[in-house]
file target-v2.csv (CSV, C-alpha atoms)
chain,number,residue,atom,x,y,z
A,1377,ASP,CA,-135.6,-37.5,62.0
A,1378,ALA,CA,-131.8,-37.2,62.0
A,1379,LEU,CA,-132.0,-35.7,58.5
A,1380,ARG,CA,-134.6,-33.2,59.6
A,1381,GLN,CA,-132.5,-32.2,62.6
A,1382,SER,CA,-129.4,-31.8,60.4
A,1383,GLU,CA,-131.3,-29.6,57.9
A,1384,ALA,CA,-132.8,-27.5,60.7
A,1385,PHE,CA,-129.3,-27.0,62.2
A,1386,LEU,CA,-127.9,-25.9,58.8
A,1387,ALA,CA,-130.8,-23.6,58.2
A,1388,THR,CA,-130.2,-22.0,61.6
A,1389,ILE,CA,-126.6,-21.4,60.7
A,1390,TYR,CA,-127.6,-20.0,57.3
A,1391,ARG,CA,-130.1,-17.5,58.8
A,1392,ASN,CA,-128.1,-16.4,61.8
A,1393,SER,CA,-124.5,-16.3,60.6
A,1394,GLU,CA,-122.8,-13.0,60.5
A,1395,LEU,CA,-121.0,-14.2,57.4
A,1396,GLY,CA,-122.7,-13.5,54.1
A,1397,ILE,CA,-123.7,-16.8,52.4
A,1398,PHE,CA,-125.1,-17.2,48.9
A,1399,LEU,CA,-126.0,-19.9,46.5
A,1400,VAL,CA,-125.4,-20.0,42.8
A,1401,GLU,CA,-127.0,-22.6,40.5
A,1402,VAL,CA,-124.8,-23.7,37.5
A,1403,SER,CA,-126.6,-24.8,34.4
A,1404,GLU,CA,-125.2,-27.4,31.9
A,1405,SER,CA,-124.3,-24.6,29.6
A,1406,GLY,CA,-122.3,-22.9,32.3
A,1407,ASP,CA,-124.7,-20.1,33.1
A,1408,TYR,CA,-125.0,-18.8,36.7
A,1409,THR,CA,-128.2,-18.0,38.5
A,1410,TYR,CA,-128.5,-16.9,42.1
A,1411,SER,CA,-130.8,-19.0,44.2
A,1412,GLY,CA,-130.4,-17.6,47.7
A,1413,PHE,CA,-128.8,-15.1,50.0
A,1414,ASN,CA,-128.8,-15.3,53.8
A,1415,PRO,CA,-129.8,-12.2,55.8
A,1416,ALA,CA,-126.2,-11.2,56.5
A,1417,HIS,CA,-125.4,-11.1,52.8
A,1418,GLU,CA,-128.6,-9.1,52.1
A,1419,ARG,CA,-127.3,-6.5,54.5
A,1420,LEU,CA,-123.8,-6.6,53.1
A,1421,VAL,CA,-124.9,-5.9,49.5
A,1422,GLY,CA,-128.0,-3.8,50.2
A,1423,LEU,CA,-130.3,-6.0,48.1
A,1424,THR,CA,-132.9,-8.5,49.1
A,1425,ASN,CA,-133.6,-12.1,48.0
A,1426,SER,CA,-136.6,-10.9,46.0
A,1427,GLN,CA,-134.3,-8.6,44.0
A,1428,LEU,CA,-131.6,-11.3,43.5
A,1429,ILE,CA,-133.1,-14.8,43.2
A,1430,GLY,CA,-133.2,-15.9,39.6
A,1431,LYS,CA,-130.7,-13.2,38.5
A,1432,SER,CA,-127.3,-13.8,36.9
A,1433,PRO,CA,-124.2,-11.9,37.9
A,1434,ARG,CA,-124.5,-10.1,34.5
A,1435,ASP,CA,-128.0,-9.0,35.5
A,1436,LEU,CA,-126.4,-7.1,38.4
A,1437,GLU,CA,-124.0,-5.2,36.2
A,1438,PRO,CA,-125.9,-1.9,36.6
A,1439,TYR,CA,-125.5,-2.3,40.4
A,1440,LEU,CA,-122.0,-3.8,40.7
A,1441,GLY,CA,-120.3,-2.5,37.5
A,1442,GLN,CA,-118.9,-4.4,34.6
A,1443,GLU,CA,-115.4,-4.8,36.1
A,1444,THR,CA,-116.8,-6.5,39.3
A,1445,VAL,CA,-119.1,-8.7,37.3
A,1446,ASP,CA,-116.3,-9.9,35.1
A,1447,TYR,CA,-114.2,-10.7,38.1
A,1448,ILE,CA,-117.1,-12.6,39.8
A,1449,GLU,CA,-117.8,-14.7,36.7
A,1450,ALA,CA,-114.1,-15.5,36.4
A,1451,LEU,CA,-114.0,-16.5,40.0
A,1452,TYR,CA,-116.9,-18.9,39.6
A,1453,ALA,CA,-115.3,-20.4,36.4
A,1454,ASP,CA,-112.1,-20.9,38.3
A,1455,CYS,CA,-113.8,-22.8,41.1
A,1456,ILE,CA,-115.6,-25.0,38.6
A,1457,GLY,CA,-112.5,-25.6,36.6
A,1458,LYS,CA,-110.4,-26.6,39.7
A,1459,ARG,CA,-113.3,-28.5,41.2
A,1460,ALA,CA,-112.2,-27.4,44.6
A,1461,PRO,CA,-112.9,-24.5,47.1
A,1462,ILE,CA,-111.1,-21.3,46.3
A,1463,GLU,CA,-110.6,-18.0,48.2
A,1464,SER,CA,-110.1,-14.5,46.8
A,1465,GLU,CA,-109.7,-11.0,48.0
A,1466,PHE,CA,-111.0,-8.3,45.6
A,1467,CYS,CA,-111.9,-4.7,45.5
A,1468,VAL,CA,-115.2,-3.4,44.1
A,1469,PRO,CA,-114.1,0.0,42.7
A,1470,ARG,CA,-117.4,1.8,42.7
A,1471,GLY,CA,-121.1,1.6,43.5
A,1472,PRO,CA,-123.0,0.7,46.7
A,1473,THR,CA,-120.8,-2.3,47.4
A,1474,GLN,CA,-117.5,-0.4,46.9
A,1475,GLY,CA,-114.6,-1.7,49.0
A,1476,TRP,CA,-112.6,-4.8,49.8
A,1477,TRP,CA,-114.2,-8.2,50.0
A,1478,LEU,CA,-113.0,-11.7,50.9
A,1479,SER,CA,-115.0,-14.5,49.2
A,1480,ARG,CA,-114.8,-18.2,49.5
A,1481,ILE,CA,-116.5,-20.4,46.8
A,1482,THR,CA,-117.1,-24.1,47.2
A,1483,PRO,CA,-118.4,-26.4,44.4
A,1484,LEU,CA,-121.2,-28.9,44.9
A,1485,PHE,CA,-121.4,-31.8,42.4
A,1486,ALA,CA,-124.2,-33.9,40.9
A,1487,ASN,CA,-125.0,-37.2,42.6
A,1488,ASP,CA,-122.8,-39.1,40.1
A,1489,GLY,CA,-119.9,-36.9,41.0
A,1490,GLY,CA,-119.9,-35.4,37.6
A,1491,ARG,CA,-120.4,-31.7,36.8
A,1492,VAL,CA,-120.6,-28.9,39.3
A,1493,ILE,CA,-124.3,-28.0,39.7
A,1494,ARG,CA,-124.1,-25.4,42.5
A,1495,LEU,CA,-121.7,-23.1,44.2
A,1496,ILE,CA,-121.9,-22.1,47.8
A,1497,GLY,CA,-120.2,-18.8,48.5
A,1498,SER,CA,-119.4,-16.7,51.6
A,1499,SER,CA,-118.5,-13.1,51.6
A,1500,LEU,CA,-117.0,-10.8,54.2
A,1501,ARG,CA,-116.2,-7.1,54.1
A,1502,ILE,CA,-112.5,-6.6,54.9
A,1503,ASP,CA,-112.1,-2.8,54.5
A,1504,SER,CA,-110.8,-2.4,58.1
A,1505,ARG,CA,-108.2,-5.0,57.6
A,1506,LYS,CA,-107.0,-3.5,54.3
A,1507,ARG,CA,-106.8,-0.1,55.9
A,1508,ALA,CA,-104.7,-1.5,58.7
A,1509,GLU,CA,-102.4,-3.3,56.2
A,1510,GLU,CA,-102.0,-0.1,54.2
A,1511,ALA,CA,-101.2,1.9,57.4
A,1512,LEU,CA,-98.6,-0.7,58.3
A,1513,ARG,CA,-97.1,-0.6,54.8
A,1514,GLN,CA,-96.8,3.2,55.0
A,1515,SER,CA,-95.3,3.0,58.4
A,1516,GLU,CA,-92.7,0.5,57.3
A,1517,GLU,CA,-91.9,2.6,54.3
A,1518,ARG,CA,-91.4,5.7,56.4
A,1519,LEU,CA,-89.1,3.7,58.7
A,1520,ARG,CA,-87.2,2.4,55.7
A,1521,LEU,CA,-86.7,5.9,54.4
A,1522,ALA,CA,-85.7,7.2,57.8
A,1523,VAL,CA,-83.1,4.4,58.2
A,1524,GLN,CA,-81.7,5.1,54.8
A,1525,ALA,CA,-81.4,8.8,55.4
A,1526,SER,CA,-79.8,8.4,58.8
A,1527,ASN,CA,-77.6,5.5,57.8
A,1528,VAL,CA,-78.6,3.5,60.9
A,1529,GLY,CA,-77.8,-0.2,60.9
A,1530,LEU,CA,-80.7,-2.3,62.1
A,1531,TRP,CA,-81.2,-6.0,62.7
A,1532,ASP,CA,-84.3,-8.0,63.6
A,1533,TRP,CA,-83.8,-11.3,65.4
A,1534,GLU,CA,-86.5,-13.9,65.0
A,1535,LEU,CA,-86.0,-16.1,68.1
A,1536,GLY,CA,-88.2,-18.9,66.9
A,1537,THR,CA,-86.2,-19.6,63.8
A,1538,ASN,CA,-82.9,-18.0,64.9
A,1539,ARG,CA,-83.0,-16.0,61.7
A,1540,VAL,CA,-81.7,-12.4,61.7
A,1541,SER,CA,-82.7,-9.8,59.2
A,1542,TYR,CA,-79.8,-7.4,58.8
A,1543,SER,CA,-80.5,-4.0,57.1
A,1544,ARG,CA,-78.7,-2.9,54.0
A,1545,GLU,CA,-77.1,-0.1,56.1
A,1546,TRP,CA,-75.9,-2.6,58.8
A,1547,LYS,CA,-74.1,-4.6,56.2
A,1548,ALA,CA,-72.7,-1.5,54.4
A,1549,GLN,CA,-71.2,-0.3,57.7
A,1550,LEU,CA,-69.2,-3.5,57.8
A,1551,GLY,CA,-68.1,-3.1,54.2
A,1552,TYR,CA,-70.5,-5.7,52.7
A,1553,GLU,CA,-73.1,-5.7,49.9
A,1554,GLU,CA,-76.6,-6.7,50.8
A,1555,HIS,CA,-76.3,-10.2,49.3
A,1556,GLU,CA,-73.0,-11.0,51.0
A,1557,ILE,CA,-74.4,-11.7,54.5
A,1558,PRO,CA,-77.2,-14.2,54.9
A,1559,SER,CA,-79.9,-13.9,57.5
A,1560,GLU,CA,-78.2,-16.1,60.2
A,1561,PHE,CA,-77.4,-15.4,63.8
A,1562,ASP,CA,-73.9,-16.9,63.4
A,1563,GLU,CA,-73.1,-14.0,61.0
A,1564,TRP,CA,-73.2,-11.7,63.9
A,1565,LYS,CA,-71.5,-14.0,66.3
A,1566,GLN,CA,-68.4,-14.6,64.1
A,1567,ARG,CA,-67.9,-10.8,63.8
A,1568,VAL,CA,-67.7,-10.3,67.6
A,1569,HIS,CA,-64.1,-10.3,69.0
A,1570,PRO,CA,-63.4,-13.7,70.6
A,1571,ASP,CA,-62.4,-12.0,73.9
A,1572,ASP,CA,-65.8,-10.2,74.0
A,1573,LEU,CA,-68.1,-13.1,72.8
A,1574,PRO,CA,-68.7,-15.0,76.1
A,1575,THR,CA,-69.6,-11.8,78.0
A,1576,THR,CA,-71.7,-10.5,75.1
A,1577,LEU,CA,-73.6,-13.8,74.7
A,1578,ALA,CA,-74.2,-13.9,78.5
A,1579,LYS,CA,-75.8,-10.4,78.3
A,1580,VAL,CA,-78.0,-11.5,75.5
A,1581,GLN,CA,-79.1,-14.6,77.4
A,1582,SER,CA,-79.8,-12.6,80.5
A,1583,TYR,CA,-81.9,-10.1,78.5
A,1584,LEU,CA,-83.9,-13.0,77.0
A,1585,VAL,CA,-84.6,-14.4,80.5
A,1586,GLU,CA,-85.6,-11.0,81.9
A,1587,PRO,CA,-86.0,-8.3,79.2
A,1588,LYS,CA,-85.4,-4.9,80.8
A,1589,GLY,CA,-83.4,-1.8,80.1
A,1590,ALA,CA,-81.1,-1.4,77.1
A,1591,HIS,CA,-77.9,-3.2,76.1

call {"tool": "encode", "arguments": {"input": "target-v2.csv", "output": "structure tokens"}}
result
Amino acid sequence: DALRQSEAFLATIYRNSELGIFLVEVSESGDYTYSGFNPAHERLVGLTNSQLIGKSPRDLEPYLGQETVDYIEALYADCIGKRAPIESEFCVPRGPTQGWWLSRITPLFANDGGRVIRLIGSSLRIDSRKRAEEALRQSEERLRLAVQASNVGLWDWELGTNRVSYSREWKAQLGYEEHEIPSEFDEWKQRVHPDDLPTTLAKVQSYLVEPKGAH
């Protein structure tokens, strides 16, 4: 009874998960055959179980493209070779499944713990995250170019680790090369005039307690 309840619970997760889940059988000769896709994965790839079960990744080449199939087969082989779960982000360059994907592959072993007989995979579309990452990268690049053009010295203090990232321009204004000042808060402190340091540190501490205005 406990086993049936456990199987029913797992089946419910499989059917209702928003994460695409799929099963791949691995033959003794190393061939891959799909044996199941949950409803979420059917929606993600635009194909049904009746179109996929019994097919190999290579059978899906007209739909996915050779480049994607080569990557998928290499991913499965990597999981089997490592005998451990692996995770990968990859981009499908063309076709109905075009875009960025995040996949996690987990191996299942024969009862004797020998060869890998099945792979359980999960897939998720990550196009939105990739677009956000690219937008952030472009924004950071524009800021970098603006800082270079205006010769503004910037620093970024990470309070949790007490590390400070000083910009190339900040170091150059003090007459240093980029590699000559490490990312440490004390590098700033030791360059403040001793007469000014207590007052300056007090202002810093005050701002940390109640951040407002500019200093």

call {"tool": "residues_near_point", "arguments": {"input": "target-v2.csv", "point": "(-69.1, -10.3, 60.6)", "cutoff": "10 Å", "atoms": "only C-alpha atoms", "output": "PDB file with C-alpha atoms, keeping the file's coordinate frame"}}
result
ATOM      1  CA  LYS A1547     -74.100  -4.600  56.200  1.00  0.00           C
ATOM      2  CA  LEU A1550     -69.200  -3.500  57.800  1.00  0.00           C
ATOM      3  CA  GLY A1551     -68.100  -3.100  54.200  1.00  0.00           C
ATOM      4  CA  TYR A1552     -70.500  -5.700  52.700  1.00  0.00           C
ATOM      5  CA  ILE A1557     -74.400 -11.700  54.500  1.00  0.00           C
ATOM      6  CA  ASP A1562     -73.900 -16.900  63.400  1.00  0.00           C
ATOM      7  CA  GLU A1563     -73.100 -14.000  61.000  1.00  0.00           C
ATOM      8  CA  TRP A1564     -73.200 -11.700  63.900  1.00  0.00           C
ATOM      9  CA  LYS A1565     -71.500 -14.000  66.300  1.00  0.00           C
ATOM     10  CA  GLN A1566     -68.400 -14.600  64.100  1.00  0.00           C
ATOM     11  CA  ARG A1567     -67.900 -10.800  63.800  1.00  0.00           C
ATOM     12  CA  VAL A1568     -67.700 -10.300  67.600  1.00  0.00           C
ATOM     13  CA  HIS A1569     -64.100 -10.300  69.000  1.00  0.00           C
TER      14      HIS A1569
END

call {"tool": "closest_residue", "arguments": {"input": "target-v2.csv", "among": "A:Trp1477, A:Phe1398, A:Tyr1542, A:Phe1413", "to": "Thr1444 in chain A", "atoms": "all atoms listed in the file"}}
result
A:Trp1477

call {"tool": "closest_residue", "arguments": {"input": "target-v2.csv", "among": "A:Val1468, A:Leu1428, A:Leu1573, A:Val1400", "to": "Glu1443 in chain A", "atoms": "all atoms listed in the file"}}
result
A:Val1468

call {"tool": "closest_residue", "arguments": {"input": "target-v2.csv", "among": "A:Pro1587, A:Gly1457, A:Pro1469, A:Gly1536", "to": "Val1492 in chain A", "atoms": "only C-alpha atoms"}}
result
A:Gly1457

call {"tool": "closest_residue", "arguments": {"input": "target-v2.csv", "among": "A:Tyr1439, A:Phe1466, A:Trp1531, A:Phe1385", "to": "Leu1451 in chain A", "atoms": "only C-alpha atoms"}}
result
A:Phe1466

call {"tool": "closest_residue", "arguments": {"input": "target-v2.csv", "among": "A:Arg1470, A:Glu1401, A:Arg1419, A:Ser1426", "to": "Gln1442 in chain A", "atoms": "all atoms listed in the file"}}
result
A:Arg1470

call {"tool": "closest_residue", "arguments": {"input": "target-v2.csv", "among": "A:Glu1510, A:Asp1503, A:Glu1394, A:Glu1556", "to": "Gly1475 in chain A", "atoms": "only C-alpha atoms"}}
result
A:Asp1503

call {"tool": "atom_distance", "arguments": {"input": "target-v2.csv", "atom1": "CA of Asn1487 in chain A", "atom2": "CA of Pro1415 in chain A"}}
result
28.7 Å

call {"tool": "residues_around", "arguments": {"input": "target-v2.csv", "residues": "Ala1525 in chain A", "least_positions_apart": "5", "cutoff": "10 Å", "atoms": "only C-alpha atoms", "output": "PyMOL selection string"}}
result
chain A and resi 1519-1520+1545

call {"tool": "atom_distance", "arguments": {"input": "target-v2.csv", "atom1": "CA of Thr1409 in chain A", "atom2": "CA of Asp1454 in chain A"}}
result
16.4 Å

call {"tool": "atom_distance", "arguments": {"input": "target-v2.csv", "atom1": "CA of Ala1548 in chain A", "atom2": "CA of Val1528 in chain A"}}
result
10.1 Å

call {"tool": "residues_around", "arguments": {"input": "target-v2.csv", "residues": "Glu1418 in chain A", "least_positions_apart": "6", "cutoff": "12 Å", "atoms": "only C-alpha atoms", "output": "number ranges by chain"}}
result
A: 1391, 1393-1398, 1412, 1424-1429, 1473, 1498-1500

call {"tool": "decode", "arguments": {"input": "target-v2.csv", "residues": "range 1528-1549 of chain A", "atoms": "N, CA, C and O atoms", "output": "PDB file, in the first residue's frame"}}
result
ATOM      1  N   VAL A1528      35.875  59.202 -14.678  1.00  0.00           N
ATOM      2  CA  VAL A1528      35.314  59.252 -13.329  1.00  0.00           C
ATOM      3  C   VAL A1528      35.856  58.066 -12.524  1.00  0.00           C
ATOM      4  O   VAL A1528      35.821  56.922 -12.978  1.00  0.00           O
ATOM      5  N   GLY A1529      36.344  58.345 -11.337  1.00  0.00           N
ATOM      6  CA  GLY A1529      36.827  57.271 -10.464  1.00  0.00           C
ATOM      7  C   GLY A1529      35.692  56.707  -9.632  1.00  0.00           C
ATOM      8  O   GLY A1529      35.046  57.427  -8.860  1.00  0.00           O
ATOM      9  N   LEU A1530      35.400  55.424  -9.785  1.00  0.00           N
ATOM     10  CA  LEU A1530      34.308  54.775  -9.054  1.00  0.00           C
ATOM     11  C   LEU A1530      34.845  53.683  -8.141  1.00  0.00           C
ATOM     12  O   LEU A1530      35.901  53.097  -8.390  1.00  0.00           O
ATOM     13  N   TRP A1531      34.091  53.394  -7.089  1.00  0.00           N
ATOM     14  CA  TRP A1531      34.404  52.254  -6.237  1.00  0.00           C
ATOM     15  C   TRP A1531      33.095  51.618  -5.776  1.00  0.00           C
ATOM     16  O   TRP A1531      32.062  52.277  -5.684  1.00  0.00           O
ATOM     17  N   ASP A1532      33.156  50.343  -5.488  1.00  0.00           N
ATOM     18  CA  ASP A1532      31.968  49.575  -5.093  1.00  0.00           C
ATOM     19  C   ASP A1532      32.338  48.777  -3.847  1.00  0.00           C
ATOM     20  O   ASP A1532      33.142  47.847  -3.917  1.00  0.00           O
ATOM     21  N   TRP A1533      31.742  49.149  -2.725  1.00  0.00           N
ATOM     22  CA  TRP A1533      32.073  48.541  -1.420  1.00  0.00           C
ATOM     23  C   TRP A1533      31.071  47.445  -1.105  1.00  0.00           C
ATOM     24  O   TRP A1533      29.883  47.689  -0.954  1.00  0.00           O
ATOM     25  N   GLU A1534      31.544  46.223  -0.987  1.00  0.00           N
ATOM     26  CA  GLU A1534      30.710  45.071  -0.639  1.00  0.00           C
ATOM     27  C   GLU A1534      30.780  44.886   0.870  1.00  0.00           C
ATOM     28  O   GLU A1534      31.762  44.359   1.409  1.00  0.00           O
ATOM     29  N   LEU A1535      29.741  45.320   1.562  1.00  0.00           N
ATOM     30  CA  LEU A1535      29.791  45.383   3.016  1.00  0.00           C
ATOM     31  C   LEU A1535      29.941  44.011   3.667  1.00  0.00           C
ATOM     32  O   LEU A1535      30.592  43.876   4.701  1.00  0.00           O
ATOM     33  N   GLY A1536      29.334  42.996   3.073  1.00  0.00           N
ATOM     34  CA  GLY A1536      29.397  41.662   3.677  1.00  0.00           C
ATOM     35  C   GLY A1536      30.803  41.104   3.768  1.00  0.00           C
ATOM     36  O   GLY A1536      31.154  40.433   4.741  1.00  0.00           O
ATOM     37  N   THR A1537      31.621  41.388   2.764  1.00  0.00           N
ATOM     38  CA  THR A1537      32.985  40.854   2.731  1.00  0.00           C
ATOM     39  C   THR A1537      34.042  41.923   2.995  1.00  0.00           C
ATOM     40  O   THR A1537      35.222  41.613   3.124  1.00  0.00           O
ATOM     41  N   ASN A1538      33.595  43.183   3.058  1.00  0.00           N
ATOM     42  CA  ASN A1538      34.491  44.329   3.244  1.00  0.00           C
ATOM     43  C   ASN A1538      35.469  44.495   2.089  1.00  0.00           C
ATOM     44  O   ASN A1538      36.530  45.098   2.236  1.00  0.00           O
ATOM     45  N   ARG A1539      35.101  43.959   0.925  1.00  0.00           N
ATOM     46  CA  ARG A1539      35.915  44.138  -0.268  1.00  0.00           C
ATOM     47  C   ARG A1539      35.409  45.343  -1.058  1.00  0.00           C
ATOM     48  O   ARG A1539      34.211  45.601  -1.115  1.00  0.00           O
ATOM     49  N   VAL A1540      36.356  46.068  -1.638  1.00  0.00           N
ATOM     50  CA  VAL A1540      36.019  47.245  -2.429  1.00  0.00           C
ATOM     51  C   VAL A1540      36.610  47.092  -3.826  1.00  0.00           C
ATOM     52  O   VAL A1540      37.812  46.839  -3.969  1.00  0.00           O
ATOM     53  N   SER A1541      35.760  47.216  -4.828  1.00  0.00           N
ATOM     54  CA  SER A1541      36.238  47.189  -6.210  1.00  0.00           C
ATOM     55  C   SER A1541      36.495  48.625  -6.656  1.00  0.00           C
ATOM     56  O   SER A1541      35.555  49.425  -6.763  1.00  0.00           O
ATOM     57  N   TYR A1542      37.759  48.952  -6.861  1.00  0.00           N
ATOM     58  CA  TYR A1542      38.129  50.289  -7.313  1.00  0.00           C
ATOM     59  C   TYR A1542      38.275  50.269  -8.829  1.00  0.00           C
ATOM     60  O   TYR A1542      38.921  49.387  -9.384  1.00  0.00           O
ATOM     61  N   SER A1543      37.714  51.252  -9.487  1.00  0.00           N
ATOM     62  CA  SER A1543      37.807  51.285 -10.943  1.00  0.00           C
ATOM     63  C   SER A1543      39.227  51.629 -11.380  1.00  0.00           C
ATOM     64  O   SER A1543      40.016  52.218 -10.625  1.00  0.00           O
ATOM     65  N   ARG A1544      39.515  51.263 -12.620  1.00  0.00           N
ATOM     66  CA  ARG A1544      40.814  51.592 -13.208  1.00  0.00           C
ATOM     67  C   ARG A1544      41.073  53.108 -13.140  1.00  0.00           C
ATOM     68  O   ARG A1544      42.184  53.557 -12.855  1.00  0.00           O
ATOM     69  N   GLU A1545      40.010  53.902 -13.375  1.00  0.00           N
ATOM     70  CA  GLU A1545      40.148  55.353 -13.376  1.00  0.00           C
ATOM     71  C   GLU A1545      40.450  55.890 -11.973  1.00  0.00           C
ATOM     72  O   GLU A1545      41.239  56.823 -11.824  1.00  0.00           O
ATOM     73  N   TRP A1546      39.827  55.294 -10.963  1.00  0.00           N
ATOM     74  CA  TRP A1546      40.084  55.717  -9.578  1.00  0.00           C
ATOM     75  C   TRP A1546      41.555  55.516  -9.222  1.00  0.00           C
ATOM     76  O   TRP A1546      42.191  56.384  -8.629  1.00  0.00           O
ATOM     77  N   LYS A1547      42.071  54.357  -9.602  1.00  0.00           N
ATOM     78  CA  LYS A1547      43.482  54.062  -9.307  1.00  0.00           C
ATOM     79  C   LYS A1547      44.410  54.982 -10.099  1.00  0.00           C
ATOM     80  O   LYS A1547      45.418  55.467  -9.572  1.00  0.00           O
ATOM     81  N   ALA A1548      44.040  55.247 -11.357  1.00  0.00           N
ATOM     82  CA  ALA A1548      44.886  56.088 -12.205  1.00  0.00           C
ATOM     83  C   ALA A1548      44.945  57.519 -11.666  1.00  0.00           C
ATOM     84  O   ALA A1548      45.990  58.186 -11.750  1.00  0.00           O
ATOM     85  N   GLN A1549      43.826  58.005 -11.105  1.00  0.00           N
ATOM     86  CA  GLN A1549      43.817  59.353 -10.552  1.00  0.00           C
ATOM     87  C   GLN A1549      44.792  59.501  -9.385  1.00  0.00           C
ATOM     88  O   GLN A1549      45.270  60.601  -9.101  1.00  0.00           O
TER      89      GLN A1549
END
